[in-house]
Structures are given as structure tokens and as C-alpha cells.
Amino acid sequence: QVYLRESGGGLVQPGGSLRLSCATSGINFKIYTMDWYREAPGKAREWVANITDRGATNHVDSVKGRFTISRDNARSTVHLLMNNLKLEDTAVYYCNVRAYGRNFWGRGTQVTVSS
């Protein structure tokens with residue numbers, strides 16, 4: 001059974017930082033591309049970043065230079081380091097993997113940026 005669990009969200013002031021983690025089980029983690037998405041209130045779920053099995057990364061333009069995705073294959077975990085957070089980064093953040101021909105999602109972790 002594939003299992004993803006996000007953690008690390010919270011309340012932070014504008015300009016602050018958070019580090020999200022997504023622990024996985026049930027997959028051979030090191031061979032899969034891992035993605036982060038976010039869903040803000042009233043908006044569609046938005047892709048944020050991904051990291052391939054070889055460690056190549058991609059980030060949506062709105063977070064480039066502020067967010068960094070990384071992976072720890074030994075711990076089957078993917079991280080999202082978020083710096084210089086803005087009000088518009090407020091959302092539930094989800095990690096995702098496409099494996100066995102389908103998408104798997106965690107339950108998400110809430111990130112709230114507020115002064």
C-alpha cells in the first residue's frame with residue numbers, strides 16, 4: 001500500500017520560512033519523480049515543484065528563488081524548503097507520486113502566511 005504523509009506546515013509571518021516534509025512508504029522511492037502541489041482557498045490545485053529520480057528539479061515561476069525541493073532517498077522522503085514566504089503562499093500543500101499507473105496523494109499540510 002502506497003502511503004504519503006506531509007508534515008511541517010504552520011503559521012508564519014511574511015518573509016518567514018518553513019520546511020515541509022513528505023514521508024513515503026509502499027514504493028521504491030528512489031526511482032520516482034516526486035511532486036509538490038498546493039491548494040489555496042477557492043482556487044484549483046496548483047503544481048509547485050518536482051524532483052526527478054536523478055535529482056533534477058523544477059519549480060513554478062511564482063516560487064523560483066524562494067522554494068527548493070529536495071529528496072532523501074535513504075529516508076524515502078521529499079522536502080520543500082520555503083523561504084521569504086508571501087501571503088499568497090497560504091495553502092494546503094500536498095505531495096504526489098505517480099506510481100503503478102495512478103496518482104497517489106497525501107492528506108496535505110496547512111501553510112498559513114499572515115501578519
# chains A, B, ... in the order shown; residues from 1 in each chain; ligands from 1
>>> residues_around(residues="Ser62 (chain A)", least_positions_apart="6", cutoff="12 Å", atoms="only C-alpha atoms", output="PyMOL selection string")
chain A and resi 46-49+82+84-86+88-89
>>> residues_around(residues="Ala56 (chain A)", least_positions_apart="4", cutoff="12 Å", atoms="only C-alpha atoms", output="list in words")
Tyr32, Thr33, Met34, Asp35, Ala49, Asn50, Ile51, Thr52, Thr68, Ile69, Ser70 and Arg71 of chain A
>>> write_last_selection(atoms="N, CA, C and O atoms", output="short mmCIF file (atom, residue, chain, number, x, y, z; two decimals), in the first residue's frame")
data_model
loop_
_atom_site.label_atom_id
_atom_site.label_comp_id
_atom_site.auth_asym_id
_atom_site.auth_seq_id
_atom_site.Cartn_x
_atom_site.Cartn_y
_atom_site.Cartn_z
N TYR A 32 11.29 7.20 -8.46
CA TYR A 32 10.13 8.01 -8.86
C TYR A 32 10.39 9.51 -8.77
O TYR A 32 11.09 9.99 -7.87
N THR A 33 9.79 10.23 -9.71
CA THR A 33 9.69 11.67 -9.60
C THR A 33 8.66 12.01 -8.53
O THR A 33 7.59 11.40 -8.48
N MET A 34 8.99 12.96 -7.69
CA MET A 34 8.10 13.39 -6.62
C MET A 34 7.69 14.85 -6.86
O MET A 34 8.51 15.66 -7.28
N ASP A 35 6.43 15.13 -6.60
CA ASP A 35 5.89 16.46 -6.84
C ASP A 35 5.30 17.05 -5.56
O ASP A 35 4.79 16.32 -4.71
N ALA A 49 6.35 22.18 -7.54
CA ALA A 49 7.72 21.78 -7.83
C ALA A 49 7.78 20.27 -7.99
O ALA A 49 6.90 19.55 -7.51
N ASN A 50 8.84 19.81 -8.67
CA ASN A 50 9.10 18.37 -8.67
C ASN A 50 10.59 18.10 -8.71
O ASN A 50 11.41 18.99 -8.97
N ILE A 51 10.92 16.85 -8.41
CA ILE A 51 12.31 16.40 -8.42
C ILE A 51 12.32 15.00 -9.01
O ILE A 51 11.56 14.13 -8.59
N THR A 52 13.18 14.81 -10.01
CA THR A 52 13.23 13.51 -10.68
C THR A 52 14.05 12.51 -9.87
O THR A 52 14.67 12.85 -8.86
N THR A 68 12.75 25.49 -2.52
CA THR A 68 13.68 24.49 -3.03
C THR A 68 13.19 23.09 -2.67
O THR A 68 13.00 22.80 -1.48
N ILE A 69 13.01 22.27 -3.68
CA ILE A 69 12.63 20.88 -3.44
C ILE A 69 13.89 20.03 -3.37
O ILE A 69 14.88 20.29 -4.08
N SER A 70 13.86 19.04 -2.49
CA SER A 70 14.99 18.12 -2.37
C SER A 70 14.47 16.76 -1.95
O SER A 70 13.31 16.63 -1.56
N ARG A 71 15.33 15.75 -2.03
CA ARG A 71 14.90 14.41 -1.66
C ARG A 71 15.99 13.71 -0.86
O ARG A 71 17.18 13.99 -1.04
#
>>> select_by_dssp(residues="chain A", states="helix (DSSP H, G or I)", output="PyMOL selection string")
chain A and resi 29-31+61-63+73-75+87-89
>>> residues_around(residues="Ser115 (chain A)", least_positions_apart="4", cutoff="9 Å", atoms="only C-alpha atoms", output="NGL selection string")
:A and (12-14 or 87)
>>> closest_residue(among="A:Ile31, A:Val2, A:Ala74, A:Leu80", to="His59 (chain A)", atoms="only C-alpha atoms")
A:Leu80
>>> atom_distance(atom1="CA of Asp53 (chain A)", atom2="CA of Gln110 (chain A)")
26.4 Å
>>> decode(residues="region 12-24 of chain A", atoms="all heavy atoms", output="mmCIF file, in the first residue's frame")
data_model
loop_
_atom_site.group_PDB
_atom_site.id
_atom_site.type_symbol
_atom_site.label_atom_id
_atom_site.label_comp_id
_atom_site.auth_asym_id
_atom_site.auth_seq_id
_atom_site.Cartn_x
_atom_site.Cartn_y
_atom_site.Cartn_z
ATOM 1 N N VAL A 12 3.123 31.310 9.799
ATOM 2 C CA VAL A 12 4.380 32.035 9.716
ATOM 3 C C VAL A 12 4.101 33.438 9.203
ATOM 4 O O VAL A 12 3.145 33.660 8.448
ATOM 5 C CB VAL A 12 5.378 31.285 8.800
ATOM 6 C CG1 VAL A 12 4.854 31.197 7.378
ATOM 7 C CG2 VAL A 12 6.750 31.903 8.847
ATOM 8 N N GLN A 13 4.921 34.384 9.605
ATOM 9 C CA GLN A 13 4.775 35.761 9.138
ATOM 10 C C GLN A 13 5.374 35.916 7.743
ATOM 11 O O GLN A 13 6.255 35.135 7.347
ATOM 12 C CB GLN A 13 5.465 36.716 10.108
ATOM 13 C CG GLN A 13 4.812 36.802 11.471
ATOM 14 C CD GLN A 13 5.465 37.848 12.356
ATOM 15 O OE1 GLN A 13 6.601 38.244 12.142
ATOM 16 N NE2 GLN A 13 4.735 38.299 13.358
ATOM 17 N N PRO A 14 4.917 36.900 7.003
ATOM 18 C CA PRO A 14 5.541 37.174 5.700
ATOM 19 C C PRO A 14 7.050 37.348 5.843
ATOM 20 O O PRO A 14 7.521 37.993 6.778
ATOM 21 C CB PRO A 14 4.863 38.474 5.260
ATOM 22 C CG PRO A 14 3.545 38.461 5.949
ATOM 23 C CD PRO A 14 3.782 37.815 7.276
ATOM 24 N N GLY A 15 7.777 36.748 4.910
ATOM 25 C CA GLY A 15 9.230 36.772 4.974
ATOM 26 C C GLY A 15 9.826 35.609 5.729
ATOM 27 O O GLY A 15 11.052 35.411 5.695
ATOM 28 N N GLY A 16 8.986 34.840 6.401
ATOM 29 C CA GLY A 16 9.474 33.714 7.172
ATOM 30 C C GLY A 16 9.729 32.481 6.328
ATOM 31 O O GLY A 16 9.577 32.499 5.091
ATOM 32 N N SER A 17 10.107 31.401 7.009
ATOM 33 C CA SER A 17 10.477 30.166 6.327
ATOM 34 C C SER A 17 9.810 28.963 6.980
ATOM 35 O O SER A 17 9.526 28.979 8.185
ATOM 36 C CB SER A 17 11.998 29.966 6.372
ATOM 37 O OG SER A 17 12.676 31.000 5.708
ATOM 38 N N LEU A 18 9.588 27.956 6.173
ATOM 39 C CA LEU A 18 9.122 26.662 6.645
ATOM 40 C C LEU A 18 9.768 25.580 5.807
ATOM 41 O O LEU A 18 10.108 25.818 4.641
ATOM 42 C CB LEU A 18 7.602 26.529 6.525
ATOM 43 C CG LEU A 18 6.720 27.270 7.527
ATOM 44 C CD1 LEU A 18 5.254 27.149 7.114
ATOM 45 C CD2 LEU A 18 6.913 26.755 8.927
ATOM 46 N N ARG A 19 9.899 24.408 6.378
ATOM 47 C CA ARG A 19 10.406 23.259 5.639
ATOM 48 C C ARG A 19 9.374 22.135 5.728
ATOM 49 O O ARG A 19 9.127 21.609 6.819
ATOM 50 C CB ARG A 19 11.745 22.792 6.189
ATOM 51 C CG ARG A 19 12.388 21.658 5.393
ATOM 52 C CD ARG A 19 13.678 21.247 6.033
ATOM 53 N NE ARG A 19 14.454 20.305 5.223
ATOM 54 C CZ ARG A 19 14.936 19.161 5.687
ATOM 55 N NH1 ARG A 19 14.715 18.816 6.937
ATOM 56 N NH2 ARG A 19 15.648 18.370 4.897
ATOM 57 N N LEU A 20 8.791 21.816 4.607
ATOM 58 C CA LEU A 20 7.816 20.738 4.553
ATOM 59 C C LEU A 20 8.531 19.424 4.260
ATOM 60 O O LEU A 20 9.541 19.394 3.560
ATOM 61 C CB LEU A 20 6.770 20.993 3.476
ATOM 62 C CG LEU A 20 6.033 22.329 3.538
ATOM 63 C CD1 LEU A 20 4.968 22.378 2.440
ATOM 64 C CD2 LEU A 20 5.436 22.572 4.892
ATOM 65 N N SER A 21 7.962 18.352 4.777
ATOM 66 C CA SER A 21 8.475 17.013 4.500
ATOM 67 C C SER A 21 7.329 16.111 4.079
ATOM 68 O O SER A 21 6.191 16.312 4.506
ATOM 69 C CB SER A 21 9.158 16.433 5.737
ATOM 70 O OG SER A 21 10.270 17.203 6.119
ATOM 71 N N CYS A 22 7.663 15.132 3.270
ATOM 72 C CA CYS A 22 6.682 14.130 2.857
ATOM 73 C C CYS A 22 7.354 12.761 2.969
ATOM 74 O O CYS A 22 8.249 12.444 2.178
ATOM 75 C CB CYS A 22 6.198 14.383 1.442
ATOM 76 S SG CYS A 22 5.134 13.089 0.791
ATOM 77 N N ALA A 23 6.925 12.013 3.951
ATOM 78 C CA ALA A 23 7.448 10.666 4.139
ATOM 79 C C ALA A 23 6.612 9.683 3.336
ATOM 80 O O ALA A 23 5.377 9.796 3.300
ATOM 81 C CB ALA A 23 7.412 10.297 5.618
ATOM 82 N N THR A 24 7.264 8.735 2.696
ATOM 83 C CA THR A 24 6.549 7.789 1.848
ATOM 84 C C THR A 24 6.844 6.351 2.263
ATOM 85 O O THR A 24 7.863 6.056 2.896
ATOM 86 C CB THR A 24 6.938 7.960 0.372
ATOM 87 O OG1 THR A 24 8.262 7.457 0.163
ATOM 88 C CG2 THR A 24 6.873 9.409 -0.063
#
